[in-house]
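Undergrad: Let me begin by handing over the structure; questions about it come next.
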Amino acid sequence: MDIALKLAQHACDTGEIPVGALVIDKHGNIIAQAINQVENQQNPTKHAEILALQQACELLGQKRLIGCTLVVTLEPCSMCAGAASHYRVDRIVFGAYDPKGGGIEHGACVFSHRQTLHKPEIIGGVQEQASQKLLKFFFQQLR
């Protein structure tokens with residue numbers, strides 16, 4: 001999570017909502033990392049999670065990430081949670097909970113539906129305060 005937080009800080013420094021994500025393989029190696037690119041690329045699908053998942057598949061030359069963990073500083077939205085399900089990640093670890101836009105513990109609660117294709121292990125609240133602090137700082141600067 002420390003690396004994801006550094007990525008989130010970089011996102012903040014570039015004017016993006018401070019979210020950092022990485023994918024770790026079954027051996028504990030970081031195989032992909034990304035920051036939000038929604039503002040810089042003017043594309044609402046350029047969330048850090050999506051970008052990191054895509055990078056990991058490209059690196060591995062496959063369409064699934066079985067055995068991998070997605071680490072992200074903010075609870076994934078329903079789009080990113082759904083993508084993680086399609087990529088078949090084993091685990092999602094996230095920092096801050098997102099009562100407004102989250103899709104795992106809040107909102108759509110993607111993995112609680114019986115129709116969900118794949119349900120990864122979920123570990124939330126990892127270094128939650130550090131993630132929240134960065135998000136609060138970012139949004140205070142906008143006001």
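Residues are referred to by chain and number: the chain letter is A, B, ... according to the order shown in the structure tokens, the number counts from 1 in that chain, and ligands are numbered separately from 1 in the order shown.
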Please provide as a compact mmCIF listing (two decimals) with all heavy atoms, in the first residue's frame all residues within 7 Å of Val23 (chain A), with the sequence filter that same-chain residues fewer than 4 positions apart are discarded (counting only C-alpha atoms).
TA:
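As written to disk, around-v6.txt reads:
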```txt
# COMPACT_ATOMS: atom_id res chain seq x y z
N ILE A 30 5.43 -6.75 -8.00
CA ILE A 30 4.59 -5.73 -8.62
C ILE A 30 4.77 -5.85 -10.13
O ILE A 30 5.88 -5.72 -10.63
CB ILE A 30 4.95 -4.32 -8.15
CG1 ILE A 30 4.70 -4.20 -6.64
CG2 ILE A 30 4.16 -3.27 -8.92
CD1 ILE A 30 5.22 -2.91 -6.03
N ILE A 31 3.68 -6.12 -10.83
CA ILE A 31 3.78 -6.28 -12.29
C ILE A 31 3.13 -5.13 -13.06
O ILE A 31 3.30 -5.04 -14.27
CB ILE A 31 3.20 -7.64 -12.75
CG1 ILE A 31 1.74 -7.80 -12.34
CG2 ILE A 31 4.05 -8.78 -12.20
CD1 ILE A 31 1.06 -9.03 -12.92
N ALA A 32 2.40 -4.27 -12.35
CA ALA A 32 1.79 -3.11 -13.01
C ALA A 32 1.46 -2.07 -11.95
O ALA A 32 1.16 -2.41 -10.81
CB ALA A 32 0.52 -3.52 -13.75
N GLN A 33 1.49 -0.82 -12.37
CA GLN A 33 1.10 0.27 -11.48
C GLN A 33 0.58 1.43 -12.31
O GLN A 33 1.01 1.62 -13.44
CB GLN A 33 2.24 0.70 -10.58
CG GLN A 33 3.51 1.09 -11.28
CD GLN A 33 4.64 1.34 -10.29
OE1 GLN A 33 4.61 0.92 -9.14
NE2 GLN A 33 5.65 2.05 -10.74
N ALA A 52 -4.05 -0.26 -14.42
CA ALA A 52 -3.12 -1.25 -13.85
C ALA A 52 -3.49 -2.67 -14.29
O ALA A 52 -2.61 -3.47 -14.62
CB ALA A 52 -3.11 -1.14 -12.33
N LEU A 53 -4.77 -2.99 -14.30
CA LEU A 53 -5.21 -4.32 -14.74
C LEU A 53 -4.85 -4.56 -16.20
O LEU A 53 -4.36 -5.64 -16.57
CB LEU A 53 -6.72 -4.48 -14.52
CG LEU A 53 -7.18 -4.52 -13.05
CD1 LEU A 53 -8.69 -4.33 -12.96
CD2 LEU A 53 -6.76 -5.81 -12.38
N ALA A 56 -1.07 -5.14 -16.52
CA ALA A 56 -0.67 -6.47 -16.03
C ALA A 56 -0.96 -7.55 -17.07
O ALA A 56 -0.12 -8.42 -17.32
CB ALA A 56 -1.40 -6.78 -14.72
N CYS A 68 -3.41 -13.05 -8.84
CA CYS A 68 -2.94 -11.68 -8.63
C CYS A 68 -3.80 -10.92 -7.63
O CYS A 68 -4.96 -11.26 -7.39
CB CYS A 68 -2.91 -10.92 -9.95
SG CYS A 68 -1.68 -11.55 -11.11
N THR A 69 -3.20 -9.88 -7.08
CA THR A 69 -3.88 -8.98 -6.14
C THR A 69 -3.88 -7.57 -6.71
O THR A 69 -2.86 -7.09 -7.19
CB THR A 69 -3.14 -8.98 -4.78
OG1 THR A 69 -3.16 -10.30 -4.24
CG2 THR A 69 -3.77 -8.02 -3.80
N LEU A 70 -5.03 -6.93 -6.66
CA LEU A 70 -5.17 -5.52 -7.02
C LEU A 70 -5.11 -4.72 -5.73
O LEU A 70 -5.91 -4.96 -4.81
CB LEU A 70 -6.49 -5.28 -7.74
CG LEU A 70 -6.87 -3.83 -8.03
CD1 LEU A 70 -5.88 -3.18 -8.99
CD2 LEU A 70 -8.29 -3.74 -8.58
N VAL A 71 -4.18 -3.80 -5.64
CA VAL A 71 -4.03 -2.92 -4.48
C VAL A 71 -4.35 -1.50 -4.94
O VAL A 71 -3.78 -1.03 -5.92
CB VAL A 71 -2.60 -2.98 -3.90
CG1 VAL A 71 -2.45 -2.03 -2.72
CG2 VAL A 71 -2.24 -4.40 -3.50
```
Undergrad: Hey, could you make a per-residue contact list for region 36-121 of chain A against region 1-20 of chain A with 6 Å as the cut-off, showing the nearest pair of atoms and its distance in Å to one decimal, counting only C-alpha atoms, sorted by chain and number, as a tab-separated table?
TA:
```
residue	atom	partner	partner_atom	distance
A:Asn36	CA	A:Val19	CA	5.9
A:Ala48	CA	A:Gly20	CA	5.8
A:Val72	CA	A:Gly20	CA	5.7
A:Thr73	CA	A:Val19	CA	5.6
```
Undergrad: Can you write out the residues you just picked, keeping C-alpha atoms, as a compact mmCIF listing (two decimals), in the first residue's frame?
TA:
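again_9.txt, written as the output of this step:
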```
# COMPACT_ATOMS: atom_id res chain seq x y z
CA ASN A 36 -5.92 8.00 -12.38
CA ALA A 48 -6.03 3.73 -11.93
CA VAL A 72 -5.68 0.50 -4.65
CA THR A 73 -5.85 3.50 -2.33
```
Undergrad: Would you pick out the contacts of region 89-99 of chain A at 7 Å or less, using only C-alpha atoms, so that residues sharing its chain but fewer than 3 positions from it are not included, and give the list as an MDAnalysis selection string?
TA: chainID A and resid 65:75 84:85 102 106 120:128 131:132
Undergrad: Using the selection just defined, write its residues with N, CA and C atoms as a PDB file, in the first residue's frame.
TA:
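Output (selection-v1.pdb):
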```pdb
ATOM      1  N   LEU A  65      -5.994 -12.562 -14.677  1.00  0.00           N
ATOM      2  CA  LEU A  65      -4.978 -12.286 -13.666  1.00  0.00           C
ATOM      3  C   LEU A  65      -5.167 -13.201 -12.457  1.00  0.00           C
ATOM      4  N   ILE A  66      -5.374 -14.458 -12.724  1.00  0.00           N
ATOM      5  CA  ILE A  66      -5.564 -15.457 -11.663  1.00  0.00           C
ATOM      6  C   ILE A  66      -4.295 -15.507 -10.806  1.00  0.00           C
ATOM      7  N   GLY A  67      -4.492 -15.453  -9.499  1.00  0.00           N
ATOM      8  CA  GLY A  67      -3.374 -15.465  -8.571  1.00  0.00           C
ATOM      9  C   GLY A  67      -2.865 -14.076  -8.223  1.00  0.00           C
ATOM     10  N   CYS A  68      -3.411 -13.054  -8.842  1.00  0.00           N
ATOM     11  CA  CYS A  68      -2.939 -11.680  -8.631  1.00  0.00           C
ATOM     12  C   CYS A  68      -3.800 -10.919  -7.626  1.00  0.00           C
ATOM     13  N   THR A  69      -3.204  -9.878  -7.083  1.00  0.00           N
ATOM     14  CA  THR A  69      -3.875  -8.983  -6.137  1.00  0.00           C
ATOM     15  C   THR A  69      -3.882  -7.575  -6.710  1.00  0.00           C
ATOM     16  N   LEU A  70      -5.033  -6.928  -6.661  1.00  0.00           N
ATOM     17  CA  LEU A  70      -5.165  -5.519  -7.025  1.00  0.00           C
ATOM     18  C   LEU A  70      -5.113  -4.716  -5.733  1.00  0.00           C
ATOM     19  N   VAL A  71      -4.179  -3.796  -5.642  1.00  0.00           N
ATOM     20  CA  VAL A  71      -4.031  -2.920  -4.477  1.00  0.00           C
ATOM     21  C   VAL A  71      -4.353  -1.505  -4.936  1.00  0.00           C
ATOM     22  N   VAL A  72      -5.255  -0.837  -4.231  1.00  0.00           N
ATOM     23  CA  VAL A  72      -5.676   0.501  -4.646  1.00  0.00           C
ATOM     24  C   VAL A  72      -5.971   1.339  -3.405  1.00  0.00           C
ATOM     25  N   THR A  73      -5.724   2.624  -3.494  1.00  0.00           N
ATOM     26  CA  THR A  73      -5.850   3.503  -2.332  1.00  0.00           C
ATOM     27  C   THR A  73      -7.287   3.856  -1.969  1.00  0.00           C
ATOM     28  N   LEU A  74      -8.222   3.641  -2.879  1.00  0.00           N
ATOM     29  CA  LEU A  74      -9.628   3.987  -2.645  1.00  0.00           C
ATOM     30  C   LEU A  74     -10.502   2.813  -3.062  1.00  0.00           C
ATOM     31  N   GLU A  75     -11.550   2.577  -2.307  1.00  0.00           N
ATOM     32  CA  GLU A  75     -12.506   1.514  -2.650  1.00  0.00           C
ATOM     33  C   GLU A  75     -12.905   1.630  -4.119  1.00  0.00           C
ATOM     34  N   ALA A  84     -12.374  -5.971 -12.239  1.00  0.00           N
ATOM     35  CA  ALA A  84     -11.558  -6.904 -11.449  1.00  0.00           C
ATOM     36  C   ALA A  84     -12.165  -8.304 -11.464  1.00  0.00           C
ATOM     37  N   SER A  85     -13.479  -8.367 -11.453  1.00  0.00           N
ATOM     38  CA  SER A  85     -14.164  -9.662 -11.537  1.00  0.00           C
ATOM     39  C   SER A  85     -13.890 -10.323 -12.879  1.00  0.00           C
ATOM     40  N   GLY A 102     -18.075   4.203  -4.021  1.00  0.00           N
ATOM     41  CA  GLY A 102     -17.554   2.840  -3.936  1.00  0.00           C
ATOM     42  C   GLY A 102     -18.512   1.817  -4.523  1.00  0.00           C
ATOM     43  N   HIS A 106     -19.997  -0.219  -0.671  1.00  0.00           N
ATOM     44  CA  HIS A 106     -21.034   0.817  -0.807  1.00  0.00           C
ATOM     45  C   HIS A 106     -21.650   0.736  -2.196  1.00  0.00           C
ATOM     46  N   PRO A 120     -13.601 -12.032  -5.703  1.00  0.00           N
ATOM     47  CA  PRO A 120     -12.286 -12.074  -5.065  1.00  0.00           C
ATOM     48  C   PRO A 120     -12.380 -11.858  -3.556  1.00  0.00           C
ATOM     49  N   GLU A 121     -11.325 -12.194  -2.871  1.00  0.00           N
ATOM     50  CA  GLU A 121     -11.208 -11.846  -1.462  1.00  0.00           C
ATOM     51  C   GLU A 121     -11.095 -10.319  -1.389  1.00  0.00           C
ATOM     52  N   ILE A 122     -11.746  -9.711  -0.415  1.00  0.00           N
ATOM     53  CA  ILE A 122     -11.727  -8.255  -0.255  1.00  0.00           C
ATOM     54  C   ILE A 122     -11.120  -7.905   1.097  1.00  0.00           C
ATOM     55  N   ILE A 123     -10.137  -7.020   1.074  1.00  0.00           N
ATOM     56  CA  ILE A 123      -9.523  -6.522   2.299  1.00  0.00           C
ATOM     57  C   ILE A 123      -9.559  -4.997   2.217  1.00  0.00           C
ATOM     58  N   GLY A 124     -10.412  -4.382   3.001  1.00  0.00           N
ATOM     59  CA  GLY A 124     -10.568  -2.935   2.964  1.00  0.00           C
ATOM     60  C   GLY A 124     -10.003  -2.262   4.197  1.00  0.00           C
ATOM     61  N   GLY A 125      -9.738  -0.974   4.088  1.00  0.00           N
ATOM     62  CA  GLY A 125      -9.291  -0.172   5.217  1.00  0.00           C
ATOM     63  C   GLY A 125      -7.803  -0.245   5.498  1.00  0.00           C
ATOM     64  N   VAL A 126      -7.008  -0.726   4.537  1.00  0.00           N
ATOM     65  CA  VAL A 126      -5.561  -0.814   4.730  1.00  0.00           C
ATOM     66  C   VAL A 126      -4.956   0.581   4.559  1.00  0.00           C
ATOM     67  N   GLN A 127      -4.318   1.068   5.596  1.00  0.00           N
ATOM     68  CA  GLN A 127      -3.789   2.437   5.627  1.00  0.00           C
ATOM     69  C   GLN A 127      -4.863   3.447   5.220  1.00  0.00           C
ATOM     70  N   GLU A 128      -6.035   3.202   5.747  1.00  0.00           N
ATOM     71  CA  GLU A 128      -7.209   4.017   5.412  1.00  0.00           C
ATOM     72  C   GLU A 128      -6.993   5.502   5.696  1.00  0.00           C
ATOM     73  N   SER A 131      -4.819   7.302   3.121  1.00  0.00           N
ATOM     74  CA  SER A 131      -5.551   7.488   1.865  1.00  0.00           C
ATOM     75  C   SER A 131      -6.577   8.603   1.996  1.00  0.00           C
ATOM     76  N   GLN A 132      -7.314   8.609   3.100  1.00  0.00           N
ATOM     77  CA  GLN A 132      -8.325   9.647   3.331  1.00  0.00           C
ATOM     78  C   GLN A 132      -7.690  11.030   3.410  1.00  0.00           C
TER      79      GLN A 132
END
```
Undergrad: Mind giving me the straight-line distance from CA of Gly103 (chain A) to CA of Phe138 (chain A) in Å, one decimal?
TA: 21.4 Å
Undergrad: If DSSP is run on the backbone, what residues of region 9-136 of chain A are alpha helix (DSSP H)? A reply as a PDB file with N, CA and C atoms, in the first residue's frame would be ideal.
TA:
```pdb
ATOM      1  N   GLN A   9      -0.138  10.127  -4.515  1.00  0.00           N
ATOM      2  CA  GLN A   9       0.448  11.463  -4.335  1.00  0.00           C
ATOM      3  C   GLN A   9       0.870  12.033  -5.686  1.00  0.00           C
ATOM      4  N   HIS A  10       1.453  11.205  -6.526  1.00  0.00           N
ATOM      5  CA  HIS A  10       1.844  11.649  -7.872  1.00  0.00           C
ATOM      6  C   HIS A  10       0.608  12.078  -8.671  1.00  0.00           C
ATOM      7  N   ALA A  11      -0.482  11.300  -8.555  1.00  0.00           N
ATOM      8  CA  ALA A  11      -1.730  11.674  -9.238  1.00  0.00           C
ATOM      9  C   ALA A  11      -2.190  13.050  -8.760  1.00  0.00           C
ATOM     10  N   CYS A  12      -2.157  13.254  -7.466  1.00  0.00           N
ATOM     11  CA  CYS A  12      -2.553  14.540  -6.881  1.00  0.00           C
ATOM     12  C   CYS A  12      -1.699  15.670  -7.443  1.00  0.00           C
ATOM     13  N   ASP A  13      -0.401  15.433  -7.529  1.00  0.00           N
ATOM     14  CA  ASP A  13       0.533  16.445  -8.031  1.00  0.00           C
ATOM     15  C   ASP A  13       0.275  16.799  -9.499  1.00  0.00           C
ATOM     16  N   VAL A  38      -8.107  10.259 -15.628  1.00  0.00           N
ATOM     17  CA  VAL A  38      -9.405  10.756 -16.090  1.00  0.00           C
ATOM     18  C   VAL A  38      -9.307  12.191 -16.592  1.00  0.00           C
ATOM     19  N   GLU A  39      -8.690  13.057 -15.817  1.00  0.00           N
ATOM     20  CA  GLU A  39      -8.596  14.472 -16.186  1.00  0.00           C
ATOM     21  C   GLU A  39      -7.594  14.689 -17.315  1.00  0.00           C
ATOM     22  N   ASN A  40      -6.424  14.113 -17.190  1.00  0.00           N
ATOM     23  CA  ASN A  40      -5.374  14.327 -18.184  1.00  0.00           C
ATOM     24  C   ASN A  40      -5.732  13.754 -19.546  1.00  0.00           C
ATOM     25  N   GLN A  41      -6.481  12.648 -19.576  1.00  0.00           N
ATOM     26  CA  GLN A  41      -6.873  12.057 -20.855  1.00  0.00           C
ATOM     27  C   GLN A  41      -8.318  12.347 -21.227  1.00  0.00           C
ATOM     28  N   ALA A  48      -7.302   4.386 -12.207  1.00  0.00           N
ATOM     29  CA  ALA A  48      -6.028   3.734 -11.926  1.00  0.00           C
ATOM     30  C   ALA A  48      -6.158   2.213 -11.952  1.00  0.00           C
ATOM     31  N   GLU A  49      -7.243   1.688 -11.411  1.00  0.00           N
ATOM     32  CA  GLU A  49      -7.430   0.241 -11.362  1.00  0.00           C
ATOM     33  C   GLU A  49      -7.491  -0.363 -12.764  1.00  0.00           C
ATOM     34  N   ILE A  50      -8.288   0.242 -13.624  1.00  0.00           N
ATOM     35  CA  ILE A  50      -8.443  -0.256 -14.997  1.00  0.00           C
ATOM     36  C   ILE A  50      -7.092  -0.241 -15.711  1.00  0.00           C
ATOM     37  N   LEU A  51      -6.379   0.853 -15.575  1.00  0.00           N
ATOM     38  CA  LEU A  51      -5.086   0.987 -16.243  1.00  0.00           C
ATOM     39  C   LEU A  51      -4.082  -0.049 -15.730  1.00  0.00           C
ATOM     40  N   ALA A  52      -4.047  -0.264 -14.425  1.00  0.00           N
ATOM     41  CA  ALA A  52      -3.121  -1.246 -13.851  1.00  0.00           C
ATOM     42  C   ALA A  52      -3.490  -2.672 -14.286  1.00  0.00           C
ATOM     43  N   LEU A  53      -4.774  -2.992 -14.300  1.00  0.00           N
ATOM     44  CA  LEU A  53      -5.209  -4.320 -14.736  1.00  0.00           C
ATOM     45  C   LEU A  53      -4.848  -4.564 -16.202  1.00  0.00           C
ATOM     46  N   GLN A  54      -5.057  -3.555 -17.034  1.00  0.00           N
ATOM     47  CA  GLN A  54      -4.702  -3.681 -18.453  1.00  0.00           C
ATOM     48  C   GLN A  54      -3.203  -3.883 -18.634  1.00  0.00           C
ATOM     49  N   GLN A  55      -2.417  -3.098 -17.923  1.00  0.00           N
ATOM     50  CA  GLN A  55      -0.956  -3.227 -18.000  1.00  0.00           C
ATOM     51  C   GLN A  55      -0.502  -4.632 -17.606  1.00  0.00           C
ATOM     52  N   ALA A  56      -1.070  -5.145 -16.525  1.00  0.00           N
ATOM     53  CA  ALA A  56      -0.673  -6.470 -16.031  1.00  0.00           C
ATOM     54  C   ALA A  56      -0.959  -7.546 -17.073  1.00  0.00           C
ATOM     55  N   CYS A  57      -2.117  -7.484 -17.700  1.00  0.00           N
ATOM     56  CA  CYS A  57      -2.451  -8.468 -18.735  1.00  0.00           C
ATOM     57  C   CYS A  57      -1.522  -8.353 -19.934  1.00  0.00           C
ATOM     58  N   GLU A  58      -1.212  -7.123 -20.320  1.00  0.00           N
ATOM     59  CA  GLU A  58      -0.292  -6.924 -21.444  1.00  0.00           C
ATOM     60  C   GLU A  58       1.080  -7.513 -21.124  1.00  0.00           C
ATOM     61  N   LEU A  59       1.556  -7.267 -19.904  1.00  0.00           N
ATOM     62  CA  LEU A  59       2.859  -7.778 -19.495  1.00  0.00           C
ATOM     63  C   LEU A  59       2.880  -9.306 -19.500  1.00  0.00           C
ATOM     64  N   LEU A  60       1.818  -9.899 -18.980  1.00  0.00           N
ATOM     65  CA  LEU A  60       1.752 -11.359 -18.886  1.00  0.00           C
ATOM     66  C   LEU A  60       1.330 -12.017 -20.202  1.00  0.00           C
ATOM     67  N   SER A  78     -18.007   0.739  -8.987  1.00  0.00           N
ATOM     68  CA  SER A  78     -18.638  -0.450  -9.568  1.00  0.00           C
ATOM     69  C   SER A  78     -17.999  -0.839 -10.903  1.00  0.00           C
ATOM     70  N   MET A  79     -17.557   0.135 -11.704  1.00  0.00           N
ATOM     71  CA  MET A  79     -16.894  -0.173 -12.972  1.00  0.00           C
ATOM     72  C   MET A  79     -15.604  -0.955 -12.719  1.00  0.00           C
ATOM     73  N   CYS A  80     -14.806  -0.478 -11.781  1.00  0.00           N
ATOM     74  CA  CYS A  80     -13.516  -1.112 -11.507  1.00  0.00           C
ATOM     75  C   CYS A  80     -13.691  -2.450 -10.796  1.00  0.00           C
ATOM     76  N   ALA A  81     -14.668  -2.536  -9.917  1.00  0.00           N
ATOM     77  CA  ALA A  81     -14.945  -3.817  -9.257  1.00  0.00           C
ATOM     78  C   ALA A  81     -15.389  -4.853 -10.287  1.00  0.00           C
ATOM     79  N   GLY A  82     -16.257  -4.442 -11.203  1.00  0.00           N
ATOM     80  CA  GLY A  82     -16.695  -5.344 -12.271  1.00  0.00           C
ATOM     81  C   GLY A  82     -15.535  -5.782 -13.149  1.00  0.00           C
ATOM     82  N   ALA A  83     -14.640  -4.844 -13.461  1.00  0.00           N
ATOM     83  CA  ALA A  83     -13.471  -5.192 -14.269  1.00  0.00           C
ATOM     84  C   ALA A  83     -12.586  -6.195 -13.526  1.00  0.00           C
ATOM     85  N   ALA A  84     -12.374  -5.971 -12.239  1.00  0.00           N
ATOM     86  CA  ALA A  84     -11.558  -6.904 -11.449  1.00  0.00           C
ATOM     87  C   ALA A  84     -12.165  -8.304 -11.464  1.00  0.00           C
ATOM     88  N   SER A  85     -13.479  -8.367 -11.453  1.00  0.00           N
ATOM     89  CA  SER A  85     -14.164  -9.662 -11.537  1.00  0.00           C
ATOM     90  C   SER A  85     -13.890 -10.323 -12.879  1.00  0.00           C
ATOM     91  N   HIS A  86     -13.983  -9.566 -13.958  1.00  0.00           N
ATOM     92  CA  HIS A  86     -13.721 -10.116 -15.290  1.00  0.00           C
ATOM     93  C   HIS A  86     -12.262 -10.526 -15.466  1.00  0.00           C
ATOM     94  N   TYR A  87     -11.359  -9.788 -14.850  1.00  0.00           N
ATOM     95  CA  TYR A  87      -9.940 -10.133 -14.919  1.00  0.00           C
ATOM     96  C   TYR A  87      -9.600 -11.326 -14.011  1.00  0.00           C
ATOM     97  N   GLU A 128      -6.035   3.202   5.747  1.00  0.00           N
ATOM     98  CA  GLU A 128      -7.209   4.017   5.412  1.00  0.00           C
ATOM     99  C   GLU A 128      -6.993   5.502   5.696  1.00  0.00           C
ATOM    100  N   GLN A 129      -6.431   5.815   6.847  1.00  0.00           N
ATOM    101  CA  GLN A 129      -6.269   7.229   7.217  1.00  0.00           C
ATOM    102  C   GLN A 129      -5.331   7.970   6.272  1.00  0.00           C
ATOM    103  N   ALA A 130      -4.265   7.319   5.836  1.00  0.00           N
ATOM    104  CA  ALA A 130      -3.336   7.967   4.904  1.00  0.00           C
ATOM    105  C   ALA A 130      -4.021   8.242   3.566  1.00  0.00           C
ATOM    106  N   SER A 131      -4.819   7.302   3.121  1.00  0.00           N
ATOM    107  CA  SER A 131      -5.551   7.488   1.865  1.00  0.00           C
ATOM    108  C   SER A 131      -6.577   8.603   1.996  1.00  0.00           C
ATOM    109  N   GLN A 132      -7.314   8.609   3.100  1.00  0.00           N
ATOM    110  CA  GLN A 132      -8.325   9.647   3.331  1.00  0.00           C
ATOM    111  C   GLN A 132      -7.690  11.030   3.410  1.00  0.00           C
ATOM    112  N   LYS A 133      -6.560  11.110   4.078  1.00  0.00           N
ATOM    113  CA  LYS A 133      -5.870  12.391   4.242  1.00  0.00           C
ATOM    114  C   LYS A 133      -5.501  12.989   2.885  1.00  0.00           C
ATOM    115  N   LEU A 134      -4.994  12.170   2.010  1.00  0.00           N
ATOM    116  CA  LEU A 134      -4.606  12.639   0.680  1.00  0.00           C
ATOM    117  C   LEU A 134      -5.830  13.086  -0.122  1.00  0.00           C
ATOM    118  N   LEU A 135      -6.900  12.323  -0.051  1.00  0.00           N
ATOM    119  CA  LEU A 135      -8.129  12.685  -0.759  1.00  0.00           C
ATOM    120  C   LEU A 135      -8.710  13.997  -0.226  1.00  0.00           C
ATOM    121  N   LYS A 136      -8.752  14.141   1.096  1.00  0.00           N
ATOM    122  CA  LYS A 136      -9.277  15.371   1.695  1.00  0.00           C
ATOM    123  C   LYS A 136      -8.439  16.576   1.284  1.00  0.00           C
TER     124      LYS A 136
END
```
Undergrad: Taking the DSSP assignment computed from this structure's backbone, write out as a ChimeraX atom specification all residues of region 76-137 of chain A that belong to strand (DSSP E or B).
TA: /A:91-96,121-123
Undergrad: I'd like the interatomic distance between CA of Ala34 (chain A) and CA of Gly107 (chain A), to a tenth of an Å.
TA: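 Those two atoms sit 24.0 Å apart.
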